[in-house]
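Undergrad: File follows, query03.pdb with PDB, C-alpha atoms and all ligand atoms:
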ATOM      1  CA  MET A   1     164.473 167.602  74.179  1.00  0.00           C
ATOM      2  CA  LEU A   2     163.600 164.472  72.342  1.00  0.00           C
ATOM      3  CA  GLY A   3     162.002 164.937  68.992  1.00  0.00           C
ATOM      4  CA  LEU A   4     158.875 162.925  68.719  1.00  0.00           C
ATOM      5  CA  ARG A   5     158.183 161.253  65.432  1.00  0.00           C
ATOM      6  CA  PHE A   6     154.790 160.229  64.219  1.00  0.00           C
ATOM      7  CA  PHE A   7     153.955 156.805  62.926  1.00  0.00           C
ATOM      8  CA  ALA A   8     150.678 155.431  61.686  1.00  0.00           C
ATOM      9  CA  CYS A   9     149.574 151.829  61.653  1.00  0.00           C
ATOM     10  CA  ASN A  10     148.634 150.773  58.156  1.00  0.00           C
ATOM     11  CA  ILE A  11     146.128 148.303  59.524  1.00  0.00           C
ATOM     12  CA  CYS A  12     144.088 150.147  62.155  1.00  0.00           C
ATOM     13  CA  GLU A  13     145.383 153.689  61.444  1.00  0.00           C
ATOM     14  CA  THR A  14     146.388 154.274  65.043  1.00  0.00           C
ATOM     15  CA  VAL A  15     148.845 157.166  65.227  1.00  0.00           C
ATOM     16  CA  MET A  16     151.763 156.873  67.646  1.00  0.00           C
ATOM     17  CA  ALA A  17     153.965 159.759  68.721  1.00  0.00           C
ATOM     18  CA  VAL A  18     157.252 158.239  69.822  1.00  0.00           C
ATOM     19  CA  PRO A  19     160.985 159.083  69.637  1.00  0.00           C
ATOM     20  CA  THR A  20     161.852 155.974  67.646  1.00  0.00           C
ATOM     21  CA  GLU A  21     160.028 153.780  65.209  1.00  0.00           C
ATOM     22  CA  PRO A  22     157.883 151.228  67.013  1.00  0.00           C
ATOM     23  CA  SER A  23     158.389 147.634  65.963  1.00  0.00           C
ATOM     24  CA  ARG A  24     154.666 147.078  66.021  1.00  0.00           C
ATOM     25  CA  CYS A  25     151.416 148.882  66.450  1.00  0.00           C
ATOM     26  CA  HIS A  26     150.605 149.764  70.026  1.00  0.00           C
ATOM     27  CA  ASP A  27     147.000 148.903  69.409  1.00  0.00           C
ATOM     28  CA  CYS A  28     146.702 145.920  67.079  1.00  0.00           C
ATOM     29  CA  GLN A  29     150.333 144.693  67.373  1.00  0.00           C
ATOM     30  CA  ASN A  30     150.736 144.602  63.617  1.00  0.00           C
ATOM     31  CA  GLY A  31     154.186 145.420  62.285  1.00  0.00           C
ATOM     32  CA  ASP A  32     152.968 147.395  59.300  1.00  0.00           C
ATOM     33  CA  ILE A  33     153.952 150.856  60.489  1.00  0.00           C
ATOM     34  CA  ALA A  34     154.559 153.921  58.338  1.00  0.00           C
ATOM     35  CA  GLU A  35     156.193 157.137  59.422  1.00  0.00           C
ATOM     36  CA  ILE A  36     154.061 160.173  58.814  1.00  0.00           C
ATOM     37  CA  SER A  37     156.394 162.744  60.317  1.00  0.00           C
ATOM     38  CA  GLY A  38     157.317 165.688  58.169  1.00  0.00           C
ATOM     39  CA  THR A  39     160.835 165.683  59.581  1.00  0.00           C
ATOM     40  CA  VAL A  40     162.211 162.718  57.703  1.00  0.00           C
ATOM     41  CA  GLN A  41     165.778 163.599  56.813  1.00  0.00           C
ATOM     42  CA  SER A  42     166.293 161.150  53.985  1.00  0.00           C
ATOM     43  CA  ASP A  43     165.078 157.949  52.456  1.00  0.00           C
ATOM     44  CA  THR A  44     167.230 155.877  54.765  1.00  0.00           C
ATOM     45  CA  TYR A  45     164.356 155.017  57.019  1.00  0.00           C
ATOM     46  CA  PHE A  46     163.143 152.747  54.263  1.00  0.00           C
ATOM     47  CA  MET A  47     166.412 150.854  54.483  1.00  0.00           C
ATOM     48  CA  THR A  48     166.663 150.551  58.254  1.00  0.00           C
ATOM     49  CA  SER A  49     163.339 148.890  58.767  1.00  0.00           C
ATOM     50  CA  GLU A  50     162.909 145.804  60.836  1.00  0.00           C
ATOM     51  CA  ASN A  51     163.077 142.444  59.157  1.00  0.00           C
ATOM     52  CA  HIS A  52     159.860 141.892  57.313  1.00  0.00           C
ATOM     53  CA  SER A  53     160.134 138.148  57.336  1.00  0.00           C
TER      54      SER A  53
HETATM   55 ZN    ZN B 101     147.325 148.908  64.384  1.00  0.00          ZN
END
Go ahead and render the structure in this file as structure tokens.
Ligand SMILES: [Zn+2]
TA:
Amino acid sequence: MLGLRFFACNICETVMAVPTEPSRCHDCQNGDIAEISGTVQSDTYFMTSENHS
């Protein structure tokens, strides 16, 4: 089964439970998303983020 990961919007604090990191908040559409899952395997998720331009 797919492992859901948990992400929180840094702007409106909406929590999203999804298999992959959302590109933007499902609620306010902001791109400032932080993973809050306790199953992070390494620091690489900091390096695979979307372009922040
Ligand atoms: Zn939001």
Undergrad: For ligand ZN 101 (chain B), list the contacting residues at 7 Å or closer, counting all atoms listed in the file, as an mmCIF file with C-alpha atoms, keeping the file's coordinate frame.
TA:
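What ended up in part09.cif:
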data_model
loop_
_atom_site.group_PDB
_atom_site.id
_atom_site.type_symbol
_atom_site.label_atom_id
_atom_site.label_comp_id
_atom_site.auth_asym_id
_atom_site.auth_seq_id
_atom_site.Cartn_x
_atom_site.Cartn_y
_atom_site.Cartn_z
ATOM 1 C CA CYS A 9 149.574 151.829 61.653
ATOM 2 C CA ASN A 10 148.634 150.773 58.156
ATOM 3 C CA ILE A 11 146.128 148.303 59.524
ATOM 4 C CA CYS A 12 144.088 150.147 62.155
ATOM 5 C CA GLU A 13 145.383 153.689 61.444
ATOM 6 C CA THR A 14 146.388 154.274 65.043
ATOM 7 C CA CYS A 25 151.416 148.882 66.450
ATOM 8 C CA HIS A 26 150.605 149.764 70.026
ATOM 9 C CA ASP A 27 147.000 148.903 69.409
ATOM 10 C CA CYS A 28 146.702 145.920 67.079
ATOM 11 C CA GLN A 29 150.333 144.693 67.373
ATOM 12 C CA ASN A 30 150.736 144.602 63.617
#
Undergrad: Between CA of Phe6 (chain A) and CA of Pro19 (chain A), what is the spacing in Å?
TA: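 Interatomic distance, CA of Pro19 (chain A) to CA of Phe6 (chain A): 8.3 Å.
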Undergrad: Can you list, as JSON, numbers by chain, every protein, DNA or RNA residue that comes within 12 Å of Ala17 (chain A) when you count all atoms listed in the file, leaving out same-chain residues fewer than 4 positions away?
TA: {"A": [2, 3, 4, 5, 6, 7, 8, 9, 21, 22, 25, 26, 34, 35, 36, 37]}
Undergrad: Would you compute an axis-aligned box for region 8-14 of chain A, covering every atom listed for it in the file with 8 Å of margin on each side, and report centre and edge lengths in Å to one decimal as AutoDock Vina command-line options?
TA:
--center_x 147.4 --center_y 151.9 --center_z 61.6 --size_x 22.6 --size_y 23.1 --size_z 22.9
